[in-house]
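Next up, query.txt (compact mmCIF, C-alpha atoms):
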# COMPACT_ATOMS: atom_id res chain seq x y z
CA MET G 29 1.85 -16.30 13.34
CA ILE G 30 2.41 -13.44 10.87
CA LYS G 31 3.84 -14.04 7.42
CA ILE G 32 4.33 -11.48 4.65
CA ARG G 33 5.01 -12.50 1.08
CA TYR G 34 4.79 -11.24 -2.48
CA LEU G 35 1.41 -11.32 -4.21
CA LYS G 36 0.53 -14.45 -6.25
CA ILE G 37 -2.08 -15.03 -8.96
CA SER G 38 -3.84 -17.38 -6.51
CA ASP G 39 -4.46 -14.36 -4.21
CA ARG G 40 -6.86 -12.78 -6.74
CA GLU G 41 -10.10 -13.46 -4.82
CA PHE G 42 -8.71 -12.16 -1.53
CA TRP G 43 -7.08 -9.16 -3.20
CA TYR G 44 -10.30 -8.02 -4.84
CA SER G 45 -12.20 -8.46 -1.56
CA LEU G 46 -10.15 -5.49 -0.23
CA ASP G 47 -8.97 -3.60 -3.33
CA LYS G 48 -11.71 -2.60 -5.78
CA HIS G 49 -9.49 -0.12 -7.68
CA LEU G 50 -7.02 -2.38 -9.50
CA SER G 51 -7.70 -3.62 -13.04
CA ASP G 52 -7.06 -7.27 -13.86
CA THR G 53 -4.18 -6.26 -16.13
CA GLU G 54 -2.58 -4.24 -13.34
CA PHE G 55 -3.14 -7.08 -10.83
CA LYS G 56 -1.18 -9.41 -13.12
CA ASN G 57 1.50 -6.72 -13.47
CA LYS G 58 1.80 -6.46 -9.65
CA VAL G 59 2.33 -10.24 -9.49
CA ARG G 60 4.92 -10.18 -12.30
CA THR G 61 6.88 -7.19 -10.93
CA LYS G 62 6.53 -8.18 -7.25
CA ARG G 63 4.95 -4.83 -6.40
CA GLY G 64 2.28 -6.29 -4.14
CA TYR G 65 2.38 -8.02 -0.78
CA ILE G 66 -0.01 -10.17 1.21
CA LEU G 67 0.00 -10.28 5.02
CA LEU G 68 -1.15 -13.61 6.46
CA LEU G 69 -2.17 -14.41 10.03
CA ASP G 70 -1.97 -18.15 10.72
CA ASP G 71 -1.95 -18.70 6.92
CA LYS G 72 -5.14 -16.62 6.45
CA PRO G 73 -4.71 -13.50 4.27
CA ILE G 74 -5.79 -10.38 6.16
CA GLY G 75 -3.92 -7.49 4.54
CA LEU G 76 -2.30 -6.15 1.42
CA LEU G 77 0.09 -3.48 0.21
CA ARG G 78 0.75 -2.37 -3.34
CA TYR G 79 3.16 0.18 -4.77
CA ASN G 80 4.43 1.78 -7.97
CA LEU G 81 7.54 3.75 -8.81
CA PHE G 82 6.88 7.49 -8.76
CA TRP G 83 9.07 9.23 -11.39
CA ASP G 84 10.05 5.65 -12.32
CA ASN G 85 12.61 5.68 -9.48
CA THR G 86 10.89 6.24 -6.09
CA PRO G 87 8.71 3.60 -4.40
CA PHE G 88 5.23 5.00 -3.76
CA CYS G 89 2.80 2.97 -1.63
CA THR G 90 -0.52 3.27 -3.47
CA MET G 91 -2.57 1.12 -1.12
CA LEU G 92 -2.22 -0.40 2.32
CA PHE G 93 -5.28 -2.14 3.71
CA ILE G 94 -5.85 -4.53 6.58
CA ASP G 95 -9.21 -6.32 6.70
CA TRP G 96 -11.59 -4.33 8.95
CA GLU G 97 -11.79 -7.15 11.50
CA TYR G 98 -8.02 -7.00 12.11
CA GLN G 99 -7.37 -3.25 12.09
CA GLY G 100 -5.81 -1.53 15.10
CA ARG G 101 -3.59 -4.48 16.06
CA GLY G 102 -0.30 -3.38 14.50
CA TYR G 103 -0.55 -5.44 11.30
CA GLY G 104 -0.48 -2.36 9.06
CA LYS G 105 2.69 -1.18 10.79
CA GLN G 106 4.30 -4.58 10.29
CA LEU G 107 3.40 -4.58 6.61
CA MET G 108 4.77 -1.05 6.11
CA LYS G 109 8.02 -1.94 7.92
CA TYR G 110 8.38 -5.05 5.75
CA TRP G 111 7.91 -2.96 2.59
CA GLU G 112 10.34 -0.31 3.82
CA ASN G 113 13.00 -2.95 4.52
CA ASP G 114 12.42 -4.60 1.15
CA MET G 115 12.80 -1.23 -0.60
CA LYS G 116 15.98 -0.46 1.34
CA THR G 117 17.40 -3.88 0.40
CA GLN G 118 16.66 -3.08 -3.24
CA GLY G 119 18.74 0.10 -2.94
CA TYR G 120 16.07 2.78 -2.59
CA GLY G 121 16.65 5.65 -0.15
CA MET G 122 13.32 7.48 -0.18
CA LEU G 123 9.67 6.43 -0.04
CA LEU G 124 6.37 8.14 -0.77
CA THR G 125 2.77 7.43 0.18
CA SER G 126 -0.49 9.36 0.27
CA THR G 127 -3.99 9.47 1.72
CA GLN G 128 -7.02 11.71 1.48
CA VAL G 129 -7.25 14.50 4.05
CA ASP G 130 -10.50 13.07 5.42
CA GLU G 131 -8.90 9.70 6.24
CA ASN G 132 -7.19 8.80 9.52
CA ALA G 133 -4.27 7.14 7.72
CA GLN G 134 -2.40 10.46 7.79
CA HIS G 135 -1.84 10.01 11.54
CA PHE G 136 -0.67 6.42 11.02
CA TYR G 137 1.94 7.49 8.44
CA ARG G 138 3.23 10.30 10.64
CA LYS G 139 3.70 7.84 13.54
CA LEU G 140 5.85 5.74 11.19
CA GLY G 141 8.12 8.72 10.49
CA TYR G 142 6.61 9.99 7.26
CA LYS G 143 6.51 13.77 6.78
CA ASP G 144 3.90 15.82 4.96
CA CYS G 145 5.25 16.95 1.58
CA GLY G 146 2.32 18.39 -0.36
CA GLY G 147 -0.93 17.48 -1.98
CA PHE G 148 -3.40 18.17 -4.74
CA VAL G 149 -7.12 18.55 -5.34
CA ILE G 150 -9.00 16.82 -8.13
CA ASP G 151 -12.03 18.95 -8.95
CA ILE G 152 -13.13 17.37 -12.22
CA PRO G 153 -16.74 16.47 -11.32
CA GLU G 154 -16.72 12.76 -12.24
CA TYR G 155 -13.39 12.22 -10.40
CA ALA G 156 -13.74 14.74 -7.54
CA GLN G 157 -12.45 13.69 -4.14
CA PRO G 158 -11.05 15.31 -0.99
CA MET G 159 -7.48 16.64 -1.21
CA GLU G 160 -4.81 13.94 -1.55
CA MET G 161 -1.93 14.46 0.95
CA PHE G 162 1.55 13.16 0.17
CA PHE G 163 4.11 11.89 2.66
CA ILE G 164 7.84 11.24 2.32
CA LYS G 165 10.36 9.24 4.32
CA SER G 166 14.09 8.63 4.07
CA ILE G 167 15.15 5.00 4.59
Entire entry expressed as structure tokens:
Amino acid sequence: MIKIRYLKISDREFWYSLDKHLSDTEFKNKVRTKRGYILLLDDKPIGLLRYNLFWDNTPFCTMLFIDWEYQGRGYGKQLMKYWENDMKTQGYGMLLTSTQVDENAQHFYRKLGYKDCGGFVIDIPEYAQPMEMFFIKSI
């Protein structure tokens, strides 16, 4: 049985098993502001989603990850749909997300109705990465 809920402090160990990019301060902020979700399968955490507000007014999914063992089974789609519905309930009308051009997630987001809307390249040597593509969706 699938359950999706807001992130809790007690999820710290699981969260950091999948998300190595979030500082402890920001993890606590995600808990406090309810800007993180955990997807559970039979009460076992298997996925997460976190977001921020771009321009301080537009929800921007900054990470969606389903544990490798459970990928390709529709759990990511369920988590995105849950987030989209939660954002709509909160009164938002537009969403953003992004992925690097060398990642397959771009195809996933397009299947969910997101449209390409730009990107940027970070070429500062210590931070260099492939181009980041942005996607937008009306809800």
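Using only C-alpha atoms, the shortest contact distance between G:Lys31 and any of G:Tyr98, G:Tyr110, G:Trp43, G:Tyr79 is found at G:Tyr110.
Closest approach to G:Asp70 from the set G:Ile30, G:Lys48, G:Gly119, G:Met108 is made by G:Ile30, with distances taken over only C-alpha atoms.
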Any idea what's packed within 6 Å of stretch 142-149 of chain G, counting all atoms listed in the file, ignoring anything in its chain fewer than 5 positions away? Could you give it as a ChimeraX atom specification?
/G:137,159-165
Same residues, C-alpha atoms, output as an mmCIF file, in the coordinates of the input:
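Contents of the output file result_15.cif:
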data_model
loop_
_atom_site.group_PDB
_atom_site.id
_atom_site.type_symbol
_atom_site.label_atom_id
_atom_site.label_comp_id
_atom_site.auth_asym_id
_atom_site.auth_seq_id
_atom_site.Cartn_x
_atom_site.Cartn_y
_atom_site.Cartn_z
ATOM 1 C CA TYR G 137 1.940 7.490 8.440
ATOM 2 C CA MET G 159 -7.480 16.640 -1.210
ATOM 3 C CA GLU G 160 -4.810 13.940 -1.550
ATOM 4 C CA MET G 161 -1.930 14.460 0.950
ATOM 5 C CA PHE G 162 1.550 13.160 0.170
ATOM 6 C CA PHE G 163 4.110 11.890 2.660
ATOM 7 C CA ILE G 164 7.840 11.240 2.320
ATOM 8 C CA LYS G 165 10.360 9.240 4.320
#
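Checking G:Gln128, G:Ser45, G:Ser38, G:Thr90 one by one against G:Gln157, counting only C-alpha atoms, you find the shortest gap at G:Gln128.
Using all atoms listed in the file, the shortest contact distance between G:Tyr65 and any of G:Phe93, G:Trp83, G:Tyr34, G:Phe42 is found at G:Tyr34.
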For G:Arg78, the closest of G:Ile37, G:Val59, G:Met91, G:Ile66 counting only C-alpha atoms is G:Met91
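As for atom CA of G:Lys72 and atom CA of G:Leu50, they are spaced 21.5 Å apart.
The residue that comes closest to G:Leu67, out of G:Met29, G:Leu124, G:Cys89, G:Leu81 and on the basis of all atoms listed in the file, is G:Met29.
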Emit as lines of an AutoDock Vina configuration file the padded axis-aligned box for all listed atoms of stretch 149-165 of chain G, 8 Å per side, with centre and edge lengths in Å to one decimal.
center_x = -3.2
center_y = 14.1
center_z = -4.0
size_x = 43.1
size_y = 25.7
size_z = 32.6
* To do: Would you list the residues near (7.2, 2.8, 0.2), meaning any protein, DNA or RNA residue with an atom at most 7 Å from that point in file coordinates, counting all atoms listed in the file, as JSON, numbers by chain?
  => {"G": [79, 87, 88, 89, 111, 112, 115, 123, 124, 125]}
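With atom CA of G:Glu54 on one side and atom CA of G:Gln134 on the other, the separation reads 25.7 Å.
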Report task. Within 6 Å of G:Ile74, counting all atoms listed in the file, which residues show up once you throw out same-chain ones fewer than 4 positions away? Write them as a PyMOL selection string, please. Result -> chain G and resi 67-68+94-95
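Here atom CA of G:Lys105 is placed at a distance of 7.6 Å from atom CA of G:Leu140.
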_With all atoms listed in the file as the counted atoms, please give the residues lying no more than 9 Å from G:Tyr120, apart from itself and same-chain residues fewer than 6 positions off, as a ChimeraX atom specification._
/G:85-87,167
For G:Asp52, list every protein, DNA or RNA residue within 10 Å, evaluated using all atoms listed in the file, and leave out those in the same chain fewer than 6 positions away; present the list as JSON, numbers by chain.
{"G": [40, 44, 58]}
Would you fill out stretch 96-116 of chain G with N, CA and C atoms and return it as a PDB file, keeping the file's coordinate frame?
ATOM      1  N   TRP G  96     -10.983  -5.100   7.862  1.00  0.00           N
ATOM      2  CA  TRP G  96     -11.590  -4.330   8.950  1.00  0.00           C
ATOM      3  C   TRP G  96     -11.528  -5.061  10.293  1.00  0.00           C
ATOM      4  N   GLU G  97     -11.755  -6.341  10.271  1.00  0.00           N
ATOM      5  CA  GLU G  97     -11.790  -7.150  11.500  1.00  0.00           C
ATOM      6  C   GLU G  97     -10.453  -7.154  12.247  1.00  0.00           C
ATOM      7  N   TYR G  98      -9.366  -6.889  11.527  1.00  0.00           N
ATOM      8  CA  TYR G  98      -8.020  -7.000  12.110  1.00  0.00           C
ATOM      9  C   TYR G  98      -7.318  -5.650  12.269  1.00  0.00           C
ATOM     10  N   GLN G  99      -8.001  -4.565  11.979  1.00  0.00           N
ATOM     11  CA  GLN G  99      -7.370  -3.250  12.090  1.00  0.00           C
ATOM     12  C   GLN G  99      -7.127  -2.870  13.544  1.00  0.00           C
ATOM     13  N   GLY G 100      -6.121  -2.027  13.765  1.00  0.00           N
ATOM     14  CA  GLY G 100      -5.810  -1.530  15.100  1.00  0.00           C
ATOM     15  C   GLY G 100      -4.984  -2.480  15.952  1.00  0.00           C
ATOM     16  N   ARG G 101      -4.387  -3.483  15.326  1.00  0.00           N
ATOM     17  CA  ARG G 101      -3.590  -4.480  16.060  1.00  0.00           C
ATOM     18  C   ARG G 101      -2.116  -4.480  15.675  1.00  0.00           C
ATOM     19  N   GLY G 102      -1.705  -3.493  14.874  1.00  0.00           N
ATOM     20  CA  GLY G 102      -0.300  -3.380  14.500  1.00  0.00           C
ATOM     21  C   GLY G 102       0.080  -4.091  13.211  1.00  0.00           C
ATOM     22  N   TYR G 103      -0.874  -4.717  12.536  1.00  0.00           N
ATOM     23  CA  TYR G 103      -0.550  -5.440  11.300  1.00  0.00           C
ATOM     24  C   TYR G 103      -0.163  -4.491  10.163  1.00  0.00           C
ATOM     25  N   GLY G 104      -0.824  -3.343  10.081  1.00  0.00           N
ATOM     26  CA  GLY G 104      -0.480  -2.360   9.060  1.00  0.00           C
ATOM     27  C   GLY G 104       0.949  -1.860   9.244  1.00  0.00           C
ATOM     28  N   LYS G 105       1.322  -1.621  10.487  1.00  0.00           N
ATOM     29  CA  LYS G 105       2.690  -1.180  10.790  1.00  0.00           C
ATOM     30  C   LYS G 105       3.696  -2.251  10.380  1.00  0.00           C
ATOM     31  N   GLN G 106       3.393  -3.503  10.678  1.00  0.00           N
ATOM     32  CA  GLN G 106       4.300  -4.580  10.290  1.00  0.00           C
ATOM     33  C   GLN G 106       4.453  -4.670   8.779  1.00  0.00           C
ATOM     34  N   LEU G 107       3.348  -4.507   8.071  1.00  0.00           N
ATOM     35  CA  LEU G 107       3.400  -4.580   6.610  1.00  0.00           C
ATOM     36  C   LEU G 107       4.192  -3.404   6.030  1.00  0.00           C
ATOM     37  N   MET G 108       3.995  -2.208   6.571  1.00  0.00           N
ATOM     38  CA  MET G 108       4.770  -1.050   6.110  1.00  0.00           C
ATOM     39  C   MET G 108       6.262  -1.246   6.385  1.00  0.00           C
ATOM     40  N   LYS G 109       6.605  -1.722   7.568  1.00  0.00           N
ATOM     41  CA  LYS G 109       8.020  -1.940   7.920  1.00  0.00           C
ATOM     42  C   LYS G 109       8.644  -2.977   6.988  1.00  0.00           C
ATOM     43  N   TYR G 110       7.889  -4.016   6.666  1.00  0.00           N
ATOM     44  CA  TYR G 110       8.380  -5.050   5.750  1.00  0.00           C
ATOM     45  C   TYR G 110       8.676  -4.433   4.383  1.00  0.00           C
ATOM     46  N   TRP G 111       7.717  -3.628   3.884  1.00  0.00           N
ATOM     47  CA  TRP G 111       7.910  -2.960   2.590  1.00  0.00           C
ATOM     48  C   TRP G 111       9.106  -2.031   2.630  1.00  0.00           C
ATOM     49  N   GLU G 112       9.213  -1.228   3.694  1.00  0.00           N
ATOM     50  CA  GLU G 112      10.340  -0.310   3.820  1.00  0.00           C
ATOM     51  C   GLU G 112      11.670  -1.060   3.782  1.00  0.00           C
ATOM     52  N   ASN G 113      11.761  -2.162   4.510  1.00  0.00           N
ATOM     53  CA  ASN G 113      13.000  -2.950   4.520  1.00  0.00           C
ATOM     54  C   ASN G 113      13.277  -3.563   3.155  1.00  0.00           C
ATOM     55  N   ASP G 114      12.240  -4.038   2.486  1.00  0.00           N
ATOM     56  CA  ASP G 114      12.420  -4.600   1.150  1.00  0.00           C
ATOM     57  C   ASP G 114      12.926  -3.526   0.183  1.00  0.00           C
ATOM     58  N   MET G 115      12.372  -2.315   0.279  1.00  0.00           N
ATOM     59  CA  MET G 115      12.800  -1.230  -0.600  1.00  0.00           C
ATOM     60  C   MET G 115      14.252  -0.823  -0.307  1.00  0.00           C
ATOM     61  N   LYS G 116      14.605  -0.800   0.965  1.00  0.00           N
ATOM     62  CA  LYS G 116      15.980  -0.460   1.340  1.00  0.00           C
ATOM     63  C   LYS G 116      16.949  -1.517   0.801  1.00  0.00           C
TER      64      LYS G 116
END
